[in-house]
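One structure below.
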Amino acid sequence: MSQQARPHEAAEPETPHLDFQGTTPYEDYVRADVLTHLQHTLSDDPGEMVFLVTTQVMELWFTVIVHEWETAADALRADDVPTAIAALKRSVRELEALNASWTPLAQLTPAQFNSYRSALGEGSGFQSAMYRRMEFLLGEKSASMLVPHRGAPRAHAELEKALHEPSLYDEVLRLLARHGHTVPATVLHRDVSQRYEPSDQVEQAWAAVYSGDPGAELARLGEALTDVAELVWRWRNDHLVATRRAMGAKPGTGGSAGVAWLEKRARKNVFPELWTARSHV
């Protein structure tokens, strides 16, 4: 009996369940048919499909990361630091996947990019509403960035809401203050619709955090934020390198300054005092 199926054991089915009344449960949940039919290329160049799908994948990662950072901000507002750290750590893995999206585009030659660049017309990545929400959550606020979305009511409303809400970093600094660290009133009560500017006192607060127990909750939060900041910096630099390789110093699509604009963005640190405070520990 040891080599044969026992009489009371049911035989395993040879194939999974295949017959459904409508679409498959997988399709109902993932909406794969929708996702895989969103690609409408505008040129005959086969490379355009790679560019288009990669860009759409990036948009999906933006969406996930915004969800994680909003989850973290909500948790910090409620003094739930473990939930915030968990969301930030998930976003680190997601940022790594997002950054890997540059791989299919990283070695585009000018001739390859030019073969379908005209299909982009006035389109440019800086017009991405979801990426702009990411930047707003990082404290890179700018009311002018709502202007391109006036013709898309939902995107405009979501961006306007994000513009006037505290950023992820605002919530972090408010948490530091509630834990007894000196954060100036000008920072705590600033106009959150404006771009965050570094503060010497915030730098001192982070230096105090890092001078204490490295396993303490605030120190672990600082390191999770630093991981995020590093990967955002890598994203910006990978974008810069891919653009420089594909089009050199030519003006970007959509009227942007192209490489010059990306170089300026790549020089900016996210959560700046987390970096400068390390010189004082």
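In the structure tokens, the first chain shown is A, the next is B, and so on; residue numbers restart at 1 for each chain, and ligands run from 1 in the order shown.
For segment 266-275 of chain A, the non-local neighbours within 7 Å, defined as residues at least 5 positions apart in the same chain or in other chains and counting only C-alpha atoms, are Leu138, Tyr169, Pro198, Val202, Glu203, Trp206, Thr226, Ala229, Trp233, Arg236 and Asn237 of chain A.
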Problem set entry | Spatial neighbours of segment 220-224 of chain A, 7 Å, only C-alpha atoms, chain gap at least 3 places, as a PyMOL selection string | chain A and resi 85+88-89+215-217+227-228
With N, CA, C and O atoms kept, could you save the residues just selected as an mmCIF file, in the first residue's frame?
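What ended up in out.cif:
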```cif
data_model
loop_
_atom_site.group_PDB
_atom_site.id
_atom_site.type_symbol
_atom_site.label_atom_id
_atom_site.label_comp_id
_atom_site.auth_asym_id
_atom_site.auth_seq_id
_atom_site.Cartn_x
_atom_site.Cartn_y
_atom_site.Cartn_z
ATOM 1 N N ILE A 85 7.482 52.766 9.649
ATOM 2 C CA ILE A 85 8.753 52.169 9.229
ATOM 3 C C ILE A 85 8.502 51.003 8.275
ATOM 4 O O ILE A 85 9.207 50.844 7.264
ATOM 5 N N LEU A 88 7.704 52.366 4.875
ATOM 6 C CA LEU A 88 8.908 52.927 4.258
ATOM 7 C C LEU A 88 9.826 51.816 3.755
ATOM 8 O O LEU A 88 10.403 51.924 2.664
ATOM 9 N N LYS A 89 9.956 50.750 4.532
ATOM 10 C CA LYS A 89 10.808 49.640 4.109
ATOM 11 C C LYS A 89 10.233 48.952 2.873
ATOM 12 O O LYS A 89 10.986 48.537 1.979
ATOM 13 N N GLY A 215 19.488 51.660 17.970
ATOM 14 C CA GLY A 215 18.328 50.789 17.831
ATOM 15 C C GLY A 215 17.034 51.438 18.246
ATOM 16 O O GLY A 215 15.962 50.810 18.159
ATOM 17 N N ALA A 216 17.096 52.693 18.690
ATOM 18 C CA ALA A 216 15.892 53.395 19.116
ATOM 19 C C ALA A 216 14.974 53.644 17.929
ATOM 20 O O ALA A 216 15.405 53.698 16.770
ATOM 21 N N GLU A 217 13.706 53.813 18.239
ATOM 22 C CA GLU A 217 12.683 53.923 17.201
ATOM 23 C C GLU A 217 12.942 55.072 16.234
ATOM 24 O O GLU A 217 12.843 54.906 15.012
ATOM 25 N N ASP A 227 17.267 55.528 3.521
ATOM 26 C CA ASP A 227 17.219 54.549 2.431
ATOM 27 C C ASP A 227 16.334 55.052 1.294
ATOM 28 O O ASP A 227 16.679 54.928 0.109
ATOM 29 N N VAL A 228 15.188 55.616 1.650
ATOM 30 C CA VAL A 228 14.291 56.187 0.642
ATOM 31 C C VAL A 228 14.991 57.313 -0.109
ATOM 32 O O VAL A 228 14.984 57.367 -1.347
#
```
For this session: Name the residues in contact with Thr63 of chain A at a cut-off of 10 Å, using only C-alpha atoms, excluding same-chain residues fewer than 3 positions from it; report them as a list in words.
Result: Val57, Met58, Glu59, Leu60, Val66, His67, Glu68, Ala129, Met130, Tyr131, Arg133 and Met134 of chain A
Residue selection dump (N, CA, C and O atoms) as a compact mmCIF listing (two decimals), in the first residue's frame:
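Saved result, result01.txt, follows:
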```txt
# COMPACT_ATOMS: atom_id res chain seq x y z
N VAL A 57 4.91 51.01 -16.76
CA VAL A 57 5.33 50.29 -15.56
C VAL A 57 5.80 51.27 -14.49
O VAL A 57 5.49 51.13 -13.30
N MET A 58 6.56 52.28 -14.91
CA MET A 58 7.00 53.30 -13.96
C MET A 58 5.81 53.97 -13.29
O MET A 58 5.81 54.21 -12.08
N GLU A 59 4.77 54.28 -14.06
CA GLU A 59 3.58 54.92 -13.49
C GLU A 59 2.93 54.03 -12.43
O GLU A 59 2.45 54.52 -11.40
N LEU A 60 2.92 52.72 -12.67
CA LEU A 60 2.35 51.80 -11.68
C LEU A 60 3.18 51.80 -10.41
O LEU A 60 2.64 51.78 -9.29
N VAL A 66 3.47 56.06 -3.79
CA VAL A 66 2.62 57.09 -3.20
C VAL A 66 1.74 56.48 -2.10
O VAL A 66 1.58 57.04 -1.01
N HIS A 67 1.17 55.32 -2.38
CA HIS A 67 0.35 54.62 -1.38
C HIS A 67 1.16 54.33 -0.11
O HIS A 67 0.67 54.56 1.01
N GLU A 68 2.39 53.86 -0.27
CA GLU A 68 3.23 53.53 0.89
C GLU A 68 3.56 54.79 1.69
O GLU A 68 3.50 54.79 2.94
N ALA A 129 1.34 63.13 -13.30
CA ALA A 129 0.65 63.56 -12.08
C ALA A 129 1.04 62.70 -10.89
O ALA A 129 1.22 63.20 -9.77
N MET A 130 1.21 61.40 -11.10
CA MET A 130 1.54 60.52 -9.98
C MET A 130 2.98 60.75 -9.51
O MET A 130 3.25 60.72 -8.31
N TYR A 131 3.88 61.00 -10.45
CA TYR A 131 5.25 61.32 -10.03
C TYR A 131 5.26 62.64 -9.26
O TYR A 131 5.99 62.79 -8.28
N ARG A 133 2.93 63.74 -7.35
CA ARG A 133 2.47 63.44 -5.99
C ARG A 133 3.61 62.86 -5.15
O ARG A 133 3.72 63.14 -3.96
N MET A 134 4.45 62.04 -5.77
CA MET A 134 5.64 61.54 -5.07
C MET A 134 6.51 62.70 -4.60
O MET A 134 6.93 62.75 -3.44
```
Exercise. Which neighbours of Ser128 of chain A fall inside 10 Å, counting only C-alpha atoms, when residues of the same chain fewer than 2 positions from it are skipped, and could you give them as a ChimeraX atom specification?
Worked result: /A:59,62,123-126,130-133,145,148-149,155
Next, write the just-selected residues to a file, as a PDB file, in the first residue's frame, keeping N, CA and C atoms as the atom set.
```
ATOM      1  N   GLU A  59       4.775  54.285 -14.062  1.00  0.00           N
ATOM      2  CA  GLU A  59       3.582  54.917 -13.493  1.00  0.00           C
ATOM      3  C   GLU A  59       2.935  54.031 -12.433  1.00  0.00           C
ATOM      4  N   PHE A  62       5.036  54.312  -9.354  1.00  0.00           N
ATOM      5  CA  PHE A  62       4.745  55.599  -8.698  1.00  0.00           C
ATOM      6  C   PHE A  62       3.500  55.458  -7.816  1.00  0.00           C
ATOM      7  N   GLY A 123       4.698  65.594 -25.092  1.00  0.00           N
ATOM      8  CA  GLY A 123       4.704  64.769 -23.885  1.00  0.00           C
ATOM      9  C   GLY A 123       6.059  64.739 -23.208  1.00  0.00           C
ATOM     10  N   SER A 124       6.060  64.768 -21.872  1.00  0.00           N
ATOM     11  CA  SER A 124       7.300  64.727 -21.108  1.00  0.00           C
ATOM     12  C   SER A 124       7.013  64.135 -19.741  1.00  0.00           C
ATOM     13  N   GLY A 125       8.005  63.460 -19.177  1.00  0.00           N
ATOM     14  CA  GLY A 125       7.832  62.826 -17.882  1.00  0.00           C
ATOM     15  C   GLY A 125       7.478  63.783 -16.772  1.00  0.00           C
ATOM     16  N   PHE A 126       7.891  65.054 -16.873  1.00  0.00           N
ATOM     17  CA  PHE A 126       7.576  65.985 -15.785  1.00  0.00           C
ATOM     18  C   PHE A 126       6.081  66.270 -15.703  1.00  0.00           C
ATOM     19  N   MET A 130       1.206  61.400 -11.097  1.00  0.00           N
ATOM     20  CA  MET A 130       1.541  60.519  -9.978  1.00  0.00           C
ATOM     21  C   MET A 130       2.975  60.750  -9.513  1.00  0.00           C
ATOM     22  N   TYR A 131       3.885  60.997 -10.452  1.00  0.00           N
ATOM     23  CA  TYR A 131       5.247  61.325 -10.035  1.00  0.00           C
ATOM     24  C   TYR A 131       5.261  62.644  -9.264  1.00  0.00           C
ATOM     25  N   ARG A 132       4.416  63.598  -9.685  1.00  0.00           N
ATOM     26  CA  ARG A 132       4.359  64.873  -8.971  1.00  0.00           C
ATOM     27  C   ARG A 132       3.859  64.660  -7.551  1.00  0.00           C
ATOM     28  N   ARG A 133       2.931  63.736  -7.347  1.00  0.00           N
ATOM     29  CA  ARG A 133       2.469  63.436  -5.990  1.00  0.00           C
ATOM     30  C   ARG A 133       3.608  62.857  -5.154  1.00  0.00           C
ATOM     31  N   MET A 145       3.232  73.391 -10.690  1.00  0.00           N
ATOM     32  CA  MET A 145       3.182  72.052 -11.259  1.00  0.00           C
ATOM     33  C   MET A 145       1.761  71.508 -11.378  1.00  0.00           C
ATOM     34  N   PRO A 148      -0.182  72.033 -15.624  1.00  0.00           N
ATOM     35  CA  PRO A 148      -0.365  71.119 -16.757  1.00  0.00           C
ATOM     36  C   PRO A 148      -1.579  70.199 -16.627  1.00  0.00           C
ATOM     37  N   HIS A 149      -2.161  70.099 -15.429  1.00  0.00           N
ATOM     38  CA  HIS A 149      -3.226  69.125 -15.184  1.00  0.00           C
ATOM     39  C   HIS A 149      -4.607  69.773 -15.082  1.00  0.00           C
ATOM     40  N   ALA A 155      -7.004  64.304 -11.654  1.00  0.00           N
ATOM     41  CA  ALA A 155      -5.581  64.454 -11.346  1.00  0.00           C
ATOM     42  C   ALA A 155      -5.304  65.808 -10.708  1.00  0.00           C
TER      43      ALA A 155
END
```
Using only C-alpha atoms, find each residue of segment 74-171 of chain A with at least one atom at most 12 Å away from an atom of segment 178-183 of chain A; report its shortest atom-to-atom pair and that distance in Å (one decimal), sort the rows by chain and rising residue number, and return the result as CSV.
```
residue,atom,partner,partner_atom,distance
A:Leu76,CA,A:Arg178,CA,10.8
A:Arg77,CA,A:Arg178,CA,10.4
A:Ala78,CA,A:Arg178,CA,11.2
A:Asp79,CA,A:Arg178,CA,9.0
A:Val81,CA,A:His179,CA,11.6
A:Asp170,CA,A:Val183,CA,10.9
A:Glu171,CA,A:Arg178,CA,10.6
```
For this session: Could you check which of A:Thr15, A:Ser43, A:Ser199, A:Thr36 is closest to Ser115 of chain A, using only C-alpha atoms?
Result: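 Answer, going by the shortest atom-to-atom distance: A:Ser43.
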Problem set entry | Picked from segment 65-175 of chain A by DSSP as alpha helix (DSSP H), as a PyMOL selection string | chain A and resi 65-77+81-100+110-117+129-137+153-163+168-175
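Of note, atom CA of Ala219 of chain A and atom CA of Glu135 of chain A are spaced 23.6 Å apart.
Put simply, atom CA of Thr109 of chain A is 11.4 Å away from atom CA of Gly47 of chain A.
Nearest residue to Thr243 of chain A among A:Trp69, A:Trp61, A:Tyr29, A:Trp102 is A:Trp102, counting only C-alpha atoms.
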Exercise. Using only C-alpha atoms, which residues sit within 8 Å of Ala143 of chain A once same-chain residues fewer than 6 positions away are excluded, as a list in words?
Worked result: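 These residues fall inside the cut-off: Leu163, Ser193 and Gln194 of chain A.
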